[in-house]
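Source file: upload_35.txt. Holds: compact mmCIF, C-alpha atoms.
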```
# COMPACT_ATOMS: atom_id res chain seq x y z
CA MET A 279 -14.40 26.08 66.59
CA PRO A 280 -11.15 25.20 68.32
CA GLY A 281 -9.34 25.36 64.96
CA TRP A 282 -10.00 29.05 64.41
CA GLN A 283 -9.12 29.98 67.98
CA LYS A 284 -5.69 28.48 67.35
CA VAL A 285 -5.24 30.45 64.12
CA TYR A 286 -6.41 33.61 65.86
CA ASP A 287 -3.98 33.16 68.74
CA GLN A 288 -1.14 32.54 66.30
CA TYR A 289 -1.65 35.63 64.17
CA LYS A 290 -3.53 38.23 66.24
CA ASP A 291 -0.32 40.11 67.03
CA GLN A 292 0.40 40.47 63.32
CA GLY A 293 -2.46 42.83 62.48
CA PHE A 294 -4.95 39.99 62.02
CA GLU A 295 -8.50 39.91 63.30
CA LEU A 296 -11.15 37.24 63.12
CA LEU A 297 -14.82 38.14 62.97
CA SER A 298 -17.04 35.14 63.53
CA VAL A 299 -20.54 35.52 62.06
CA ALA A 300 -23.14 33.06 63.30
CA VAL A 301 -26.06 32.72 60.91
CA ASP A 302 -29.23 32.14 62.90
CA VAL A 303 -32.71 33.52 62.41
CA GLN A 304 -33.38 32.60 66.05
CA GLY A 305 -30.84 35.19 67.25
CA GLU A 306 -28.24 35.60 69.95
CA ASP A 307 -29.71 33.32 72.64
CA VAL A 308 -29.16 30.28 70.43
CA VAL A 309 -25.64 31.37 69.44
CA ARG A 310 -24.27 32.55 72.79
CA PRO A 311 -23.39 29.11 74.26
CA TYR A 312 -21.24 28.35 71.21
CA ALA A 313 -19.38 31.66 71.30
CA LYS A 314 -18.40 31.91 74.95
CA ASN A 315 -15.06 30.11 74.70
CA HIS A 316 -13.65 32.30 71.94
CA THR A 317 -11.53 35.37 72.44
CA PHE A 318 -12.47 36.75 69.01
CA THR A 319 -15.77 38.54 68.43
CA THR A 320 -18.88 36.64 67.41
CA VAL A 321 -21.78 38.52 65.85
CA VAL A 322 -25.17 37.18 64.83
CA ASP A 323 -26.59 37.52 61.32
CA SER A 324 -30.28 36.80 61.75
CA ASP A 325 -31.40 38.46 58.51
CA ASN A 326 -29.11 36.53 56.13
CA LEU A 327 -27.47 39.93 55.38
CA LEU A 328 -24.08 38.54 54.41
CA ALA A 329 -25.48 35.52 52.58
CA ASP A 330 -27.73 37.73 50.46
CA ALA A 331 -24.93 40.22 49.78
CA PHE A 332 -22.53 37.53 48.57
CA GLY A 333 -25.06 35.07 47.13
CA PHE A 334 -24.10 32.28 49.52
CA LYS A 335 -26.43 29.26 49.56
CA ILE A 336 -24.65 27.32 52.29
CA VAL A 337 -22.43 27.75 55.33
CA PRO A 338 -19.63 27.83 56.35
CA ASN A 339 -18.07 30.58 54.22
CA GLY A 340 -14.90 32.65 54.40
CA ILE A 341 -14.33 36.27 53.41
CA PHE A 342 -10.90 37.86 53.78
CA ILE A 343 -10.44 41.64 53.59
CA ASP A 344 -7.20 43.59 53.80
CA GLU A 345 -6.42 46.65 55.96
CA ASN A 346 -8.36 48.86 53.54
CA GLY A 347 -11.44 46.67 53.50
CA ILE A 348 -10.67 45.30 50.02
CA LEU A 349 -11.95 41.79 49.33
CA ARG A 350 -9.04 39.38 48.88
CA LEU A 351 -10.77 36.01 49.29
CA VAL A 352 -14.40 34.90 49.02
CA LYS A 353 -15.03 31.19 49.42
CA GLN A 354 -18.28 29.35 49.80
CA GLY A 355 -17.79 26.14 51.80
CA PHE A 356 -14.73 27.40 53.68
CA ARG A 357 -13.22 25.33 56.51
CA VAL A 358 -10.21 25.55 58.84
CA GLY A 359 -9.77 21.81 58.36
CA GLU A 360 -9.13 22.20 54.62
CA PRO A 361 -5.37 22.63 54.15
CA LYS A 362 -5.81 24.77 51.01
CA HIS A 363 -8.24 27.09 52.83
CA LEU A 364 -6.01 27.54 55.86
CA GLU A 365 -2.99 28.05 53.62
CA ALA A 366 -4.81 30.79 51.71
CA VAL A 367 -5.55 32.65 54.94
CA GLU A 368 -1.95 32.34 56.16
CA GLN A 369 -0.55 33.55 52.82
CA LEU A 370 -2.87 36.57 52.95
CA ILE A 371 -1.94 37.38 56.55
CA LYS A 372 1.77 37.17 55.80
CA GLY A 373 1.41 39.21 52.62
CA ASP A 374 2.83 36.42 50.42
CA VAL A 375 -0.04 37.02 48.02
CA GLN A 376 -2.42 39.90 47.44
CA GLU A 377 -5.52 37.84 46.77
CA VAL A 378 -6.58 34.21 46.49
CA THR A 379 -9.20 32.58 44.30
CA LEU A 380 -10.33 29.17 45.52
CA GLU A 381 -12.45 26.98 43.30
CA ASP A 382 -16.13 27.33 44.10
CA GLU A 383 -17.97 24.11 43.40
CA TYR A 384 -21.25 25.92 44.04
CA HIS A 385 -20.57 28.32 41.13
CA VAL A 386 -21.90 31.49 42.73
CA THR A 387 -19.78 34.38 41.55
CA GLU A 388 -22.45 36.80 40.40
CA ILE A 389 -25.42 37.50 42.60
CA GLU A 390 -28.57 37.10 40.56
CA SER A 391 -31.10 39.07 42.50
CA THR A 392 -34.37 38.04 40.95
CA VAL A 393 -37.85 38.90 42.07
CA GLU A 394 -38.03 35.38 43.49
CA THR A 395 -34.90 35.64 45.64
CA GLN A 396 -35.93 39.11 46.85
CA LEU A 397 -39.33 37.79 47.85
CA ALA A 398 -37.61 34.86 49.57
CA GLU A 399 -35.48 37.34 51.55
CA THR A 400 -38.58 39.29 52.56
CA LYS A 401 -40.37 36.14 53.73
CA PHE A 402 -37.26 35.14 55.66
CA LYS A 403 -37.26 38.46 57.52
CA LEU A 404 -40.98 38.09 58.21
CA ALA A 405 -40.29 34.62 59.65
CA LYS A 406 -37.74 36.17 61.99
CA GLU A 407 -40.31 38.68 63.28
CA TYR A 408 -42.84 35.87 63.86
CA LEU A 409 -40.22 33.93 65.82
CA LYS A 410 -39.60 36.97 68.02
CA GLN A 411 -43.35 37.02 68.73
CA GLN A 412 -43.31 33.28 69.56
CA LYS A 413 -45.45 32.56 66.49
CA LYS A 414 -43.54 29.48 65.39
CA GLU A 415 -46.12 28.01 63.00
CA GLN A 416 -46.51 31.28 61.12
CA ALA A 417 -42.72 31.61 60.93
CA LEU A 418 -42.45 28.10 59.49
CA LYS A 419 -45.11 28.88 56.89
CA GLU A 420 -43.07 31.87 55.72
CA LEU A 421 -39.90 29.79 55.64
CA ASP A 422 -41.64 27.03 53.64
CA GLU A 423 -42.73 29.63 51.07
CA ALA A 424 -39.30 31.31 51.06
CA LEU A 425 -37.74 27.97 50.23
CA LEU A 426 -40.05 27.43 47.25
CA LEU A 427 -38.85 30.79 45.93
CA ASP A 428 -35.16 30.01 46.53
CA PRO A 429 -34.95 26.21 46.60
CA GLU A 430 -31.14 26.22 46.30
CA SER A 431 -30.73 28.03 49.60
CA PHE A 432 -29.58 25.73 52.35
CA LEU A 433 -29.59 28.68 54.71
CA ILE A 434 -33.38 28.71 54.39
CA ARG A 435 -33.82 24.93 54.16
CA LYS A 436 -31.65 24.02 57.15
CA GLN A 437 -32.79 26.81 59.45
CA ARG A 438 -36.32 25.62 58.82
CA TRP A 439 -35.28 22.11 59.86
CA TYR A 440 -33.59 23.50 62.96
CA ILE A 441 -36.84 25.14 64.09
CA ARG A 442 -39.17 22.31 63.06
CA TYR A 443 -36.97 19.37 64.17
CA PRO A 444 -34.61 20.68 66.90
CA GLU A 445 -34.07 17.13 68.19
CA LYS A 446 -32.20 16.30 64.94
CA PHE A 447 -29.53 18.89 65.78
CA SER A 448 -28.85 18.07 69.40
CA PRO A 449 -26.73 16.64 70.96
CA THR A 450 -25.18 16.16 67.50
CA ILE A 451 -26.33 17.01 63.99
CA ASP A 452 -27.99 13.96 62.39
CA ILE A 453 -26.56 14.08 58.88
CA ASP A 454 -28.25 10.83 57.76
CA TRP A 455 -31.61 12.30 58.69
CA GLN A 456 -30.74 15.48 56.76
CA GLN A 457 -29.96 13.51 53.61
CA GLU A 458 -33.22 11.57 53.88
CA GLN A 459 -35.16 14.74 54.57
CA LEU A 460 -33.54 16.54 51.64
CA LYS A 461 -34.48 13.68 49.31
CA LYS A 462 -38.10 13.71 50.55
CA GLU A 463 -38.40 17.47 50.24
CA LYS A 464 -36.87 17.58 46.76
CA GLU A 465 -39.41 15.00 45.60
CA GLN A 466 -42.26 17.07 47.04
CA GLU A 467 -40.83 20.21 45.46
CA GLN A 468 -40.69 18.54 42.05
CA ALA A 469 -44.39 17.82 42.40
CA ILE A 470 -45.21 21.42 43.26
CA CYS A 471 -42.62 23.02 41.02
CA GLY A 472 -42.92 22.14 37.36
CA PRO A 473 -40.71 23.42 34.56
CA GLU A 474 -42.45 26.80 34.70
CA GLY A 475 -41.82 27.44 38.36
CA CYS A 476 -43.47 26.78 41.70
CA VAL A 477 -47.03 26.90 42.94
CA ILE A 478 -47.40 28.02 46.53
CA PRO A 479 -49.73 25.55 48.26
CA GLY A 480 -52.93 27.05 49.64
CA THR A 481 -53.00 29.95 47.18
CA ASN A 482 -54.36 30.42 43.69
CA THR A 483 -50.97 31.21 42.24
CA LYS A 484 -49.94 29.47 39.08
CA PRO A 485 -46.25 28.88 38.36
CA ASN A 486 -44.31 32.19 38.21
CA GLY A 487 -46.72 33.79 40.64
CA THR A 488 -49.43 34.72 38.15
CA LYS A 489 -53.00 34.26 39.27
CA MET B 171 -18.96 42.26 45.32
CA LYS B 172 -15.84 41.03 43.61
CA LEU B 173 -12.24 40.52 44.67
CA GLY B 174 -10.41 43.82 44.52
CA GLU B 175 -13.53 45.77 45.48
CA LYS B 176 -14.16 47.28 48.88
CA ILE B 177 -16.53 45.30 51.07
CA ARG B 178 -19.87 46.97 51.65
CA ASP B 179 -20.08 48.17 55.25
CA PHE B 180 -22.38 46.19 57.47
CA THR B 181 -23.23 46.25 61.18
CA LEU B 182 -24.29 43.26 63.22
CA SER B 183 -24.86 42.69 66.92
CA ASP B 184 -22.57 40.52 69.01
CA VAL B 185 -23.95 37.94 71.43
CA ASN B 186 -24.33 40.63 74.10
CA GLY B 187 -26.26 43.03 71.91
CA ASN B 188 -23.36 45.38 71.09
CA SER B 189 -23.26 46.78 67.54
CA ILE B 190 -20.15 45.84 65.58
CA SER B 191 -19.46 47.38 62.16
CA ILE B 192 -16.97 46.03 59.65
CA GLU B 193 -15.67 49.61 59.17
CA SER B 194 -14.33 49.46 62.73
CA TYR B 195 -11.85 46.80 61.59
CA LYS B 196 -10.05 49.16 59.20
CA GLY B 197 -6.31 48.85 59.58
CA LYS B 198 -6.47 45.12 60.21
CA LYS B 199 -6.54 42.12 57.94
CA VAL B 200 -9.78 40.34 58.74
CA LEU B 201 -11.12 36.87 58.18
CA ILE B 202 -14.90 36.97 58.32
CA TYR B 203 -15.97 33.43 59.06
CA MET B 204 -19.67 32.69 58.52
CA TRP B 205 -20.91 29.53 60.23
CA ALA B 206 -24.00 28.07 61.90
CA THR B 207 -24.98 25.93 64.85
CA TRP B 208 -27.21 24.01 62.49
```

Any chance you could give the structure as structure tokens?
Amino acid sequence: MPGWQKVYDQYKDQGFELLSVAVDVQGEDVVRPYAKNHTFTTVVDSDNLLADAFGFKIVPNGIFIDENGILRLVKQGFRVGEPKHLEAVEQLIKGDVQEVTLEDEYHVTEIESTVETQLAETKFKLAKEYLKQQKKEQALKELDEALLLDPESFLIRKQRWYIRYPEKFSPTIDIDWQQEQLKKEKEQEQAICGPEGCVIPGTNTKPNGTK
Amino acid sequence: MKLGEKIRDFTLSDVNGNSISIESYKGKKVLIYMWATW
């Protein structure tokens, strides 16, 4: 993230701080190599804490709070390379504006915490515990089921890919493969998930989780 | 959480295992940037 380091260096003497949050169920070992060249703090969110609190379905995202911890900007799909996004941050730092609303093409403004998304969160956390115990296949099973419960979540979908197909993320992220994979998975999900909801393979559940 | 509301406090660990809470940033304007290596 050379872009953010530059912004940080420019404004850190003006009461500005940057907290970098790396989302990774696999934890700090995976994140550390990417964080070592930054002078700002990087923390690891391995439980999807922030994503669940704000209803984010993708990364990267930007949250700006003022000196009193008041939310002044919340943007899903936030990038330093987007002139409007960078401008919003600079205006907030300088005090030109009190808050900024950027258009959210993903339309998440209210968090709808349904039974399904809560169950997805629980399965996600269970997957994390399995990973800590080196039980990769069991973790992937939980992530597969979590995705069926929250199919819009790219945090679940992509982290699953990262664990199952690490070679598609290194040395660079294979975006073409991701698009193909997404198409394949969506077709499979349509087959399992009818208009009344999803059936979890290998169980007796009918759509909507009834037996 | 909406604009104009106070952010809920949260605590996460940095890459060296130290606990960092958002409360500790009081007094500063903070950009919280969520990203991923994937």

For this session: Enumerate as a ChimeraX atom specification the residues belonging to chain B that approach chain A to within 7 Å, with all atoms listed in the file taken into account.
Result: /B:171-177,182-185,196-206,208

| query | If you measure from atom CA of Asn326 of chain A to atom CA of Gln412 of chain A, what distance in Å do you get, rounded to one decimal? | reply |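 Interatomic distance here is 19.8 Å.
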
How big is the axis-aligned box, and where does its centre sit, when it encloses all atoms of segment 284-292 of chain A listed in the file and has 8 Å added on every side, reported in Å to one decimal as lines of an AutoDock Vina configuration file?
```
center_x = -3.0
center_y = 34.5
center_z = 66.0
size_x = 22.8
size_y = 28.0
size_z = 21.4
```

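Between atom CA of Ile434 of chain A and atom CA of Glu399 of chain A there is a distance of 9.3 Å.
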
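Residues in contact with Asp179 of chain B at 10 Å, where all atoms listed in the file are counted and same-chain residues fewer than 5 positions away are skipped, are listed as Gly347 of chain A; Ser191, Ile192, Glu193 and Ser194 of chain B.
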
Would you output that residue set with C-alpha atoms, as a PDB file, keeping the file's coordinate frame?
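And here is the file that came out, again-v3.pdb:
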```pdb
ATOM      1  CA  GLY A 347     -11.440  46.670  53.500  1.00  0.00           C
TER       2      GLY A 347
ATOM      3  CA  SER B 191     -19.460  47.380  62.160  1.00  0.00           C
ATOM      4  CA  ILE B 192     -16.970  46.030  59.650  1.00  0.00           C
ATOM      5  CA  GLU B 193     -15.670  49.610  59.170  1.00  0.00           C
ATOM      6  CA  SER B 194     -14.330  49.460  62.730  1.00  0.00           C
TER       7      SER B 194
END
```

- Quote the spacing between atom CA of Lys414 of chain A and atom CA of Ala398 of chain A in Å to one decimal place.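 Interatomic distance here is 17.7 Å.
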
Problem - Residue nearest Thr207 of chain B among A:Gly359, A:Gly475, A:Pro429, A:Pro449 (counting only C-alpha atoms) - result: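 Closest to Thr207 of chain B of all the choices is A:Pro449.
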